[in-house]
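Pasted below: upload17.csv, CSV, C-alpha atoms.
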```csv
chain,number,residue,atom,x,y,z
N,247,MET,CA,-15.9,29.4,2.2
N,248,SER,CA,-14.1,26.6,4.1
N,249,SER,CA,-14.5,26.3,7.8
N,250,SER,CA,-11.8,25.5,10.3
N,251,THR,CA,-11.8,22.8,13.0
N,252,VAL,CA,-9.4,22.2,15.8
N,253,ILE,CA,-9.0,18.7,17.2
N,254,THR,CA,-7.7,19.3,20.7
N,255,ASN,CA,-6.9,17.3,23.9
N,256,ILE,CA,-4.8,14.8,21.9
N,257,ALA,CA,-2.6,12.7,24.2
N,258,ALA,CA,-0.1,11.9,21.5
N,259,LEU,CA,-0.1,13.4,18.0
N,260,VAL,CA,2.0,11.7,15.3
N,261,THR,CA,3.1,14.4,12.8
N,262,ASN,CA,5.9,12.5,11.0
N,263,ASP,CA,7.9,15.8,11.1
N,264,PRO,CA,11.1,15.3,13.1
N,265,SER,CA,11.4,19.0,13.7
N,266,LEU,CA,8.3,18.9,16.0
N,267,GLY,CA,7.6,17.5,19.4
N,268,ASP,CA,10.1,14.9,20.6
N,269,ASN,CA,12.3,15.3,17.4
N,270,SER,CA,11.9,11.6,16.6
N,271,PRO,CA,11.0,10.5,13.0
N,272,LEU,CA,7.4,10.5,14.2
N,273,GLY,CA,7.6,14.1,15.4
N,274,LEU,CA,5.5,13.1,18.4
N,275,VAL,CA,3.7,16.0,20.1
N,276,ARG,CA,2.2,15.4,23.6
N,277,ASP,CA,-1.0,17.2,24.8
N,278,ALA,CA,-1.5,18.4,21.2
N,279,ALA,CA,-3.9,19.9,18.8
N,280,VAL,CA,-4.3,19.9,15.0
N,281,VAL,CA,-6.1,22.6,13.1
N,282,ILE,CA,-7.9,21.7,9.8
N,283,ASP,CA,-8.8,24.4,7.3
N,284,GLY,CA,-10.8,23.1,4.3
N,285,ASP,CA,-9.0,20.0,3.1
N,286,ARG,CA,-5.6,20.8,4.6
N,287,VAL,CA,-3.8,20.9,7.8
N,288,ALA,CA,-3.3,24.5,8.9
N,289,TRP,CA,-1.5,24.1,12.2
N,290,THR,CA,-0.1,21.5,14.6
N,291,GLY,CA,1.3,22.0,18.1
N,292,GLU,CA,0.6,22.0,21.8
N,293,SER,CA,-3.1,22.3,22.7
N,294,SER,CA,-2.5,25.4,24.8
N,295,LYS,CA,-1.2,27.3,21.8
N,296,ALA,CA,-3.9,26.3,19.3
N,297,PRO,CA,-5.5,29.2,17.4
N,298,ALA,CA,-9.2,30.0,17.3
N,299,THR,CA,-11.3,28.0,14.9
N,300,ASP,CA,-14.9,27.7,13.8
N,301,ASN,CA,-15.3,24.2,15.2
N,302,ARG,CA,-13.8,22.2,18.0
N,303,VAL,CA,-13.5,18.4,18.5
N,304,ASP,CA,-12.3,17.0,21.8
N,305,ALA,CA,-10.1,14.0,21.3
N,306,GLY,CA,-10.6,13.0,24.9
N,307,GLY,CA,-7.0,12.1,25.6
N,308,ARG,CA,-6.7,9.8,22.6
N,309,ALA,CA,-3.9,9.5,20.0
N,310,VAL,CA,-4.1,11.1,16.5
N,311,LEU,CA,-2.1,9.8,13.5
N,312,PRO,CA,-1.9,10.5,9.8
N,313,GLY,CA,-4.2,8.3,7.7
N,314,PHE,CA,-2.6,5.1,6.6
N,315,VAL,CA,-1.2,5.1,3.0
N,316,ASP,CA,-1.8,1.7,1.6
N,317,SER,CA,0.6,1.8,-1.4
N,318,HIS,CA,0.1,-1.8,-2.7
N,319,SER,CA,-3.2,-3.5,-3.2
N,320,HIS,CA,-5.1,-5.6,-5.8
N,321,LEU,CA,-8.8,-4.8,-5.4
N,322,LEU,CA,-10.2,-5.3,-8.9
N,323,PHE,CA,-11.1,-8.9,-9.0
N,324,GLY,CA,-14.0,-11.4,-9.2
N,325,GLY,CA,-14.6,-14.4,-7.0
N,326,ASP,CA,-12.4,-15.5,-4.1
N,327,ARG,CA,-9.9,-18.3,-3.4
N,328,THR,CA,-11.2,-19.8,-0.2
N,329,GLU,CA,-10.6,-23.3,-1.4
N,330,GLU,CA,-7.0,-22.5,-2.3
N,331,PHE,CA,-6.4,-20.9,1.1
N,332,ASN,CA,-7.9,-23.9,2.9
N,333,ALA,CA,-5.8,-26.3,1.0
N,334,ARG,CA,-2.6,-24.3,1.6
N,335,MET,CA,-3.3,-24.2,5.3
N,336,SER,CA,-3.6,-27.9,5.1
N,337,GLY,CA,0.0,-28.2,3.8
N,338,ARG,CA,0.1,-27.3,0.1
N,339,PRO,CA,2.7,-24.6,-0.7
N,340,TYR,CA,1.6,-21.4,-2.5
N,341,SER,CA,2.7,-20.7,-6.1
N,342,ALA,CA,2.0,-17.9,-8.5
N,343,GLY,CA,-0.3,-20.3,-10.6
N,344,GLY,CA,-3.3,-19.6,-8.3
N,345,ILE,CA,-3.7,-16.2,-10.0
N,346,ARG,CA,-5.3,-17.9,-13.0
N,347,THR,CA,-8.3,-18.8,-10.9
N,348,THR,CA,-8.9,-15.2,-10.2
N,349,VAL,CA,-8.3,-14.3,-13.8
N,350,ALA,CA,-11.2,-16.5,-14.9
N,351,ALA,CA,-13.6,-15.1,-12.3
N,352,THR,CA,-12.6,-11.5,-13.1
N,353,ARG,CA,-13.2,-11.9,-16.8
N,354,ALA,CA,-16.6,-13.3,-16.0
N,355,ALA,CA,-17.5,-10.4,-13.7
N,356,SER,CA,-19.4,-7.3,-14.8
N,357,ASP,CA,-18.1,-3.8,-14.4
N,358,ALA,CA,-20.7,-3.3,-11.7
N,359,GLU,CA,-19.6,-6.4,-9.8
N,360,LEU,CA,-16.0,-5.3,-10.0
N,361,GLU,CA,-16.8,-1.8,-8.7
N,362,ALA,CA,-19.0,-3.2,-6.0
N,363,GLY,CA,-16.2,-5.3,-4.7
N,364,LEU,CA,-13.7,-2.4,-4.9
N,365,THR,CA,-16.1,-0.1,-3.0
N,366,ARG,CA,-16.6,-2.8,-0.3
N,367,TYR,CA,-12.9,-3.2,0.3
N,368,LEU,CA,-12.3,0.5,0.3
N,369,GLU,CA,-15.0,1.1,2.9
N,370,GLU,CA,-13.6,-1.7,5.0
N,371,ALA,CA,-10.1,-0.1,4.8
N,372,LEU,CA,-11.4,3.3,5.6
N,373,ARG,CA,-12.9,2.1,8.8
N,374,GLN,CA,-9.4,0.9,9.8
N,375,GLY,CA,-7.8,4.3,9.0
N,376,THR,CA,-6.7,4.0,5.4
N,377,THR,CA,-7.2,7.3,3.7
N,378,THR,CA,-5.0,6.8,0.6
N,379,PHE,CA,-4.7,3.6,-1.4
N,380,GLU,CA,-3.0,2.4,-4.6
N,381,THR,CA,-4.6,-0.4,-6.5
N,382,LYS,CA,-3.7,-2.5,-9.6
N,383,SER,CA,-5.2,-4.2,-12.5
N,384,GLY,CA,-3.7,-7.6,-13.3
N,385,TYR,CA,-6.6,-10.1,-13.1
N,386,GLY,CA,-7.9,-9.5,-16.6
N,387,LEU,CA,-4.9,-10.1,-18.8
N,388,THR,CA,-6.7,-9.0,-22.0
N,389,THR,CA,-6.6,-5.5,-23.4
N,390,ALA,CA,-10.4,-5.1,-22.7
N,391,ASP,CA,-10.3,-6.5,-19.2
N,392,GLU,CA,-7.2,-4.7,-18.1
N,393,SER,CA,-8.4,-1.3,-19.4
N,394,ARG,CA,-11.9,-1.7,-17.8
N,395,ALA,CA,-10.4,-2.5,-14.4
N,396,LEU,CA,-8.3,0.6,-14.6
N,397,ARG,CA,-11.2,2.8,-15.6
N,398,VAL,CA,-13.2,1.5,-12.6
N,399,ALA,CA,-10.2,2.1,-10.3
N,400,ALA,CA,-9.6,5.6,-11.5
N,401,ARG,CA,-13.1,6.6,-10.3
N,402,HIS,CA,-11.9,6.0,-6.8
N,403,THR,CA,-8.2,6.9,-6.6
N,404,ASP,CA,-5.5,8.7,-8.4
N,405,GLU,CA,-3.0,6.0,-7.5
N,406,VAL,CA,-3.8,3.5,-10.3
N,407,THR,CA,-1.3,0.9,-11.5
N,408,PHE,CA,-1.3,-1.1,-14.8
N,409,LEU,CA,-0.2,-4.6,-14.0
N,410,GLY,CA,-0.9,-6.4,-17.2
N,411,ALA,CA,2.4,-8.3,-16.5
N,412,HIS,CA,1.0,-10.1,-13.5
N,413,ILE,CA,1.3,-13.5,-15.1
N,414,VAL,CA,1.3,-14.6,-18.7
N,415,ALA,CA,-2.3,-14.8,-19.9
N,416,PRO,CA,-3.5,-18.5,-19.9
N,417,GLU,CA,-4.2,-18.5,-23.6
N,418,LEU,CA,-0.6,-17.4,-24.4
N,419,ALA,CA,1.1,-19.6,-21.7
N,420,ASP,CA,3.1,-21.4,-24.4
N,421,ASP,CA,4.2,-18.1,-26.0
N,422,PRO,CA,5.3,-15.6,-23.3
N,423,ALA,CA,7.1,-13.4,-25.8
N,424,ALA,CA,3.8,-12.8,-27.6
N,425,TYR,CA,2.2,-11.9,-24.3
N,426,VAL,CA,5.0,-9.4,-23.5
N,427,ALA,CA,4.5,-7.9,-26.9
N,428,LEU,CA,0.8,-7.5,-26.2
N,429,VAL,CA,1.4,-5.9,-22.8
N,430,THR,CA,4.0,-3.5,-24.2
N,431,GLY,CA,1.9,-2.7,-27.3
N,432,GLU,CA,-1.8,-2.7,-27.7
N,433,MET,CA,-2.6,-3.3,-24.0
N,434,LEU,CA,-0.3,-0.5,-22.8
N,435,ASP,CA,-1.8,1.9,-25.4
N,436,ALA,CA,-5.3,1.2,-24.0
N,437,CYS,CA,-4.4,1.2,-20.3
N,438,ALA,CA,-1.9,4.1,-20.0
N,439,PRO,CA,-4.5,6.9,-20.1
N,440,HIS,CA,-6.1,5.5,-17.0
N,441,ALA,CA,-3.0,4.8,-14.9
N,442,ARG,CA,-0.2,6.6,-13.1
N,443,TRP,CA,2.0,3.6,-12.5
N,444,ILE,CA,3.2,0.4,-14.3
N,445,ASP,CA,4.1,-2.8,-12.4
N,446,VAL,CA,5.4,-6.3,-13.2
N,447,PHE,CA,5.7,-9.5,-11.3
N,448,CYS,CA,9.4,-10.3,-11.7
N,449,GLU,CA,9.5,-13.9,-10.4
N,450,LYS,CA,10.0,-17.5,-11.5
N,451,GLY,CA,6.7,-18.6,-13.0
N,452,ALA,CA,5.9,-15.0,-14.0
N,453,PHE,CA,8.4,-12.7,-15.8
N,454,ASP,CA,12.2,-12.8,-15.9
N,455,GLY,CA,14.5,-9.8,-15.7
N,456,ASP,CA,14.6,-9.1,-19.4
N,457,GLN,CA,10.9,-9.4,-19.8
N,458,ALA,CA,10.3,-7.1,-16.7
N,459,ARG,CA,12.7,-4.5,-18.1
N,460,ALA,CA,10.9,-4.5,-21.4
N,461,VAL,CA,7.5,-4.0,-19.7
N,462,LEU,CA,8.7,-1.2,-17.4
N,463,THR,CA,10.7,0.6,-20.1
N,464,ALA,CA,7.7,0.6,-22.4
N,465,GLY,CA,5.6,2.0,-19.6
N,466,LYS,CA,8.0,4.7,-18.9
N,467,ALA,CA,8.0,5.7,-22.6
N,468,LYS,CA,4.2,6.2,-22.2
N,469,GLY,CA,4.6,8.4,-19.1
N,470,LEU,CA,3.9,5.7,-16.5
N,471,HIS,CA,6.3,5.4,-13.5
N,472,PRO,CA,7.6,2.0,-12.6
N,473,ARG,CA,7.0,-0.1,-9.5
N,474,ILE,CA,7.9,-3.8,-9.3
N,475,HIS,CA,7.0,-7.0,-7.5
N,476,ALA,CA,10.5,-8.0,-6.6
N,477,ASN,CA,12.3,-10.9,-4.8
N,478,GLN,CA,9.1,-12.3,-3.2
N,479,LEU,CA,9.4,-16.0,-3.6
N,480,SER,CA,13.1,-16.3,-4.5
N,481,TYR,CA,16.3,-14.4,-5.1
N,482,GLY,CA,16.2,-12.6,-8.5
N,483,PRO,CA,16.9,-9.5,-10.5
N,484,GLY,CA,13.8,-7.5,-9.4
N,485,VAL,CA,15.4,-5.2,-6.8
N,486,GLN,CA,18.4,-4.4,-9.0
N,487,LEU,CA,16.0,-3.6,-11.9
N,488,ALA,CA,13.9,-1.4,-9.7
N,489,VAL,CA,16.9,0.7,-8.7
N,490,GLU,CA,18.2,0.8,-12.3
N,491,LEU,CA,14.9,2.2,-13.6
N,492,ASP,CA,14.3,4.5,-10.6
N,493,ALA,CA,11.1,2.6,-9.6
N,494,ALA,CA,9.2,4.3,-6.8
N,495,SER,CA,9.0,1.0,-5.0
N,496,ALA,CA,10.3,-2.5,-5.0
N,497,ASP,CA,7.6,-4.6,-3.3
N,498,HIS,CA,7.9,-7.7,-1.1
N,499,CYS,CA,11.8,-7.7,-0.9
N,500,THR,CA,11.9,-11.0,1.0
N,501,HIS,CA,14.9,-12.7,-0.6
N,502,LEU,CA,17.7,-10.1,-0.7
N,503,THR,CA,21.5,-10.2,-1.2
N,504,ASP,CA,23.8,-7.7,0.5
N,505,ALA,CA,24.1,-6.0,-3.0
N,506,ASP,CA,20.3,-5.7,-3.2
N,507,VAL,CA,20.2,-4.0,0.2
N,508,ASP,CA,23.0,-1.7,-0.7
N,509,ALA,CA,21.4,-0.8,-4.0
N,510,LEU,CA,18.1,0.1,-2.2
N,511,ALA,CA,20.0,2.1,0.5
N,512,ASN,CA,21.7,4.2,-2.2
N,513,SER,CA,18.6,4.9,-4.3
N,514,HIS,CA,15.2,6.7,-4.1
N,515,THR,CA,13.4,3.3,-4.4
N,516,VAL,CA,11.3,2.4,-1.4
N,517,ALA,CA,11.2,-1.2,-0.1
N,518,THR,CA,7.5,-1.9,0.4
N,519,LEU,CA,7.0,-4.9,2.8
N,520,LEU,CA,3.8,-6.8,2.7
N,521,PRO,CA,3.5,-9.0,5.8
N,522,GLY,CA,0.0,-10.1,5.1
N,523,ALA,CA,1.4,-12.2,2.3
N,524,GLU,CA,3.9,-14.0,4.5
N,525,PHE,CA,1.2,-14.5,7.1
N,526,SER,CA,-1.3,-16.0,4.6
N,527,THR,CA,1.3,-18.2,2.8
N,528,ARG,CA,3.4,-19.2,5.8
N,529,ALA,CA,6.4,-17.9,4.0
N,530,GLU,CA,9.7,-16.5,5.3
N,531,TRP,CA,9.3,-13.0,6.7
N,532,PRO,CA,11.1,-10.1,5.1
N,533,ASP,CA,13.9,-8.8,7.4
N,534,ALA,CA,12.8,-5.2,8.0
N,535,ARG,CA,15.5,-4.7,10.6
N,536,ARG,CA,18.2,-5.4,8.1
N,537,LEU,CA,16.8,-2.9,5.6
N,538,ILE,CA,16.2,-0.1,8.1
N,539,ASP,CA,19.6,-0.5,9.7
N,540,ALA,CA,21.1,-0.2,6.2
N,541,GLY,CA,19.3,3.1,5.6
N,542,VAL,CA,16.6,1.8,3.3
N,543,THR,CA,13.3,3.7,3.2
N,544,VAL,CA,10.6,1.1,4.2
N,545,ALA,CA,6.9,1.2,3.6
N,546,LEU,CA,4.3,-1.2,5.0
N,547,SER,CA,1.2,-2.1,2.9
N,548,THR,CA,-1.5,-4.8,2.9
N,549,ASP,CA,-1.1,-6.4,-0.5
N,550,CYS,CA,-4.9,-6.9,-0.3
N,551,ASN,CA,-5.7,-9.6,-2.9
N,552,PRO,CA,-7.8,-12.7,-3.0
N,553,GLY,CA,-5.0,-15.2,-3.2
N,554,SER,CA,-2.1,-14.5,-0.9
N,555,SER,CA,-3.1,-11.6,1.4
N,556,PHE,CA,-6.8,-11.1,1.7
N,557,THR,CA,-6.7,-8.4,4.4
N,558,SER,CA,-7.5,-4.7,4.1
N,559,SER,CA,-6.2,-4.0,7.6
N,560,VAL,CA,-3.1,-1.9,7.9
N,561,PRO,CA,-3.2,-2.1,11.7
N,562,PHE,CA,-2.9,-5.9,11.3
N,563,CYS,CA,0.1,-5.5,9.1
N,564,VAL,CA,1.7,-3.0,11.7
N,565,ALA,CA,1.3,-5.7,14.4
N,566,LEU,CA,2.8,-8.4,12.2
N,567,ALA,CA,5.7,-6.1,11.3
N,568,VAL,CA,6.5,-5.5,14.9
N,569,ARG,CA,6.0,-9.1,16.0
N,570,ASP,CA,7.7,-10.9,13.2
N,571,MET,CA,9.8,-8.5,11.1
N,572,GLY,CA,12.0,-6.8,13.6
N,573,MET,CA,10.4,-3.3,13.5
N,574,THR,CA,9.7,-1.1,16.5
N,575,PRO,CA,6.1,0.2,16.9
N,576,ASP,CA,7.4,3.7,15.9
N,577,GLU,CA,9.0,2.3,12.7
N,578,ALA,CA,6.0,0.3,11.7
N,579,VAL,CA,3.6,3.3,12.1
N,580,TRP,CA,6.0,5.6,10.2
N,581,SER,CA,6.3,3.0,7.4
N,582,ALA,CA,2.5,2.6,7.1
N,583,THR,CA,2.1,6.4,6.8
N,584,ALA,CA,5.1,8.4,5.7
N,585,GLY,CA,6.7,5.3,4.2
N,586,GLY,CA,3.6,4.6,2.1
N,587,ALA,CA,3.6,8.2,0.9
N,588,ALA,CA,7.2,7.9,-0.1
N,589,ALA,CA,6.4,4.7,-2.1
N,590,LEU,CA,3.9,6.8,-4.0
N,591,ARG,CA,6.3,9.8,-4.3
N,592,ARG,CA,3.9,12.0,-2.4
N,593,ASP,CA,4.7,14.7,0.2
N,594,ASP,CA,1.1,15.9,0.7
N,595,ILE,CA,-0.1,12.8,2.6
N,596,GLY,CA,1.3,10.6,5.4
N,597,ARG,CA,2.1,13.5,7.6
N,598,LEU,CA,0.2,16.1,9.7
N,599,THR,CA,2.0,19.3,9.1
N,600,PRO,CA,0.7,22.6,7.5
N,601,GLY,CA,-0.1,22.2,3.9
N,602,ALA,CA,-0.6,18.5,3.9
N,603,TYR,CA,-4.0,17.0,3.2
N,604,ALA,CA,-6.1,16.7,6.4
N,605,ASP,CA,-6.1,12.9,6.3
N,606,LEU,CA,-6.0,11.6,9.9
N,607,MET,CA,-7.3,9.0,12.3
N,608,LEU,CA,-8.4,9.1,16.0
N,609,LEU,CA,-7.4,6.0,18.0
N,610,ASP,CA,-9.4,4.8,20.9
N,611,ALA,CA,-6.1,4.6,22.8
N,612,PRO,CA,-3.6,7.1,24.2
N,613,SER,CA,-0.7,6.1,22.0
N,614,HIS,CA,0.1,4.8,18.5
N,615,VAL,CA,1.9,1.9,20.1
N,616,HIS,CA,-1.4,0.3,20.9
N,617,LEU,CA,-1.8,-0.6,17.2
N,618,ALA,CA,0.8,-3.3,17.8
N,619,TYR,CA,0.2,-3.7,21.5
N,620,ARG,CA,-3.5,-4.6,21.0
N,621,PRO,CA,-3.5,-6.6,17.8
N,622,GLY,CA,-6.9,-7.4,16.3
N,623,VAL,CA,-8.7,-4.8,18.3
N,624,PRO,CA,-10.7,-2.2,16.3
N,625,LEU,CA,-9.0,0.9,17.7
N,626,VAL,CA,-9.8,3.4,15.0
N,627,SER,CA,-12.7,5.5,16.3
N,628,GLY,CA,-12.6,8.4,13.8
N,629,VAL,CA,-11.3,9.1,10.4
N,630,TRP,CA,-11.0,12.4,8.5
N,631,ARG,CA,-10.2,12.5,4.8
N,632,ARG,CA,-9.4,15.7,3.0
N,633,GLY,CA,-10.7,17.6,6.0
N,634,ALA,CA,-14.1,15.9,6.3
N,635,ARG,CA,-15.0,13.3,9.0
N,636,VAL,CA,-15.9,10.1,7.2
N,637,VAL,CA,-15.9,7.6,10.1
```

Mind turning the file's structure into structure tokens?
Amino acid sequence: MSSSTVITNIAALVTNDPSLGDNSPLGLVRDAAVVIDGDRVAWTGESSKAPATDNRVDAGGRAVLPGFVDSHSHLLFGGDRTEEFNARMSGRPYSAGGIRTTVAATRAASDAELEAGLTRYLEEALRQGTTTFETKSGYGLTTADESRALRVAARHTDEVTFLGAHIVAPELADDPAAYVALVTGEMLDACAPHARWIDVFCEKGAFDGDQARAVLTAGKAKGLHPRIHANQLSYGPGVQLAVELDAASADHCTHLTDADVDALANSHTVATLLPGAEFSTRAEWPDARRLIDAGVTVALSTDCNPGSSFTSSVPFCVALAVRDMGMTPDEAVWSATAGGAAALRRDDIGRLTPGAYADLMLLDAPSHVHLAYRPGVPLVSGVWRRGARVV
């Protein structure tokens, strides 16, 4: 039998239900409590009205938020790219070619080494409040290496993405058509059973619009749902393709035309912004204000990867989004929780309302605003995932 727990004396509870509390998108409830029964939220509201439970936790006047939903990461890799980062910070511009360094290291790594790295980054993220994460393959680029990465990932999350179309494999660099045929044929057949999603890097130096469409269409035929790396380094067809194929998310979205913004606003495709990448590459920031004002659903994620955004910290990305992308603290927190859930087409995470998974964090602060107000400070003092306290 499951036991019930009430977390009470919460100064500010973010529910992400606009019908609650202050009726904002965050559904902010003051002097609040939340009841956990088994792995689900059973009740939220004012502390004075909380029902009786088996256990009680006193939040001590701190804030409680839904666990972060990190809907874009690349955690299956070998080696690192410290030298590349050091050179880039000394003036060399970033390009997609650096991925090949990680491909070589990943192919050389054992399954145990890949899983040890994944586990390390997941534990790191959990301590910072991330309770749901998506992660991708994309550093193997052979049928065997891509499928083994996905098998490892599937032991740790349901949100697994096949990214065989990250770049053209080095051995087929002179024959990209042959590589697309491999990704959409033998590699897809081996990888589809271990993934929920299919992704492609639609960018100059990676895959053009026609190649990206072929990859995503083949994935859909195998039951995988599309996501896409779109419009990161330059203007291109990625966002329009995402909307055309009903992709769950178009990720990066830095270089957008008015038509791109309109297409996103009139679709179910989420624009996932990844400020860690712009921070690490000194690139132009995505204009979150433009997207939100147009009615686009926006998610925030880390893009944790060894080349362009080697951070697992969603709080850091929240602070960057507020400081440099035109988001308010409320919008950034919503995008890192409910927005991430929308990017994974989930309604059982990213919110603290009855029936949702009891994934939540306790901040050592009285308000969620402190995530942006006190950047770099480890404010997460407790984490519950599926109803169990894990931090």

With a cut-off of 12 Å, could you pull out the residues of stretch 514-538 of chain N touching stretch 322-331 of chain N and give me the nearest pair of atoms for each, distance in Å to one decimal, using all atoms listed in the file, ordered by chain and ascending number, as JSON lines?
```
{"residue": "N:Ala523", "atom": "CA", "partner": "N:Phe331", "partner_atom": "CA", "distance": 11.7}
{"residue": "N:Phe525", "atom": "CA", "partner": "N:Phe331", "partner_atom": "CA", "distance": 11.6}
{"residue": "N:Ser526", "atom": "CA", "partner": "N:Phe331", "partner_atom": "CA", "distance": 7.9}
{"residue": "N:Thr527", "atom": "CA", "partner": "N:Phe331", "partner_atom": "CA", "distance": 8.3}
{"residue": "N:Arg528", "atom": "CA", "partner": "N:Phe331", "partner_atom": "CA", "distance": 11.0}
```

Exercise. Can you tell me, as a ChimeraX atom specification, what residues are no more than 8 Å from stretch 384-389 of chain N when counting only C-alpha atoms, ignoring any on the same chain fewer than 4 positions away?
Worked result: /N:320,322-323,345-346,348-350,352-353,393,395,408-415,432-433,436-437

Problem set entry | Contacts of N:Trp580 at 9 Å (all atoms listed in the file; same-chain gap of 6+ positions) as a ChimeraX atom specification | /N:260,262,271-272,544-546,586,596

Exercise. Could you list as an NGL selection string every residue that has an atom within 7 Å of (4.8, 5.0, -11.0), using the file's coordinates and counting all atoms listed in the file?
Worked result: :N and (442-444 or 470-473 or 493-494)

Problem set entry | Which of N:Thr365, N:Ser356, N:Gln374, N:Ser383 sits closest to N:Asp610 [using all atoms listed in the file] |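 Closest residue, counting all atoms listed in the file: N:Gln374.
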
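Atom to atom, atom CA of N:Val461 and atom CA of N:Ser480 stand 20.3 Å apart.
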
Exercise. Nearest to N:Lys466: which of N:Ala567, N:Ala400, N:Ala438, N:Ala423 is it, counting only C-alpha atoms?
Worked result: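 Between N:Ala567, N:Ala400, N:Ala438, N:Ala423, the residue approaching N:Lys466 most closely is N:Ala438.
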
Problem set entry | Residue nearest N:Ala296 among N:Thr261, N:Ser319, N:Thr254, N:Thr377 (counting all atoms listed in the file) |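 Result for the nearest residue to N:Ala296: N:Thr254.
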
For this session: Go through N:Leu311, N:Leu462, N:Ser265, N:Asp593 and flag the residue nearest N:Ser627, using all atoms listed in the file for the distances.
Result: N:Leu311

For this session: For the point (14.6, 1.5, -12.8) in the file's frame, write as a PyMOL selection string all residues with an atom no more than 12 Å away, counting all atoms listed in the file.
Result: chain N and resi 444-445+455+458-466+471-474+483-496+509-510+513-516

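Restricting the calculation to all atoms listed in the file, the smallest distance between N:Val637 and any of N:Met573, N:Leu372, N:Ala351, N:Leu502 is found for N:Leu372.
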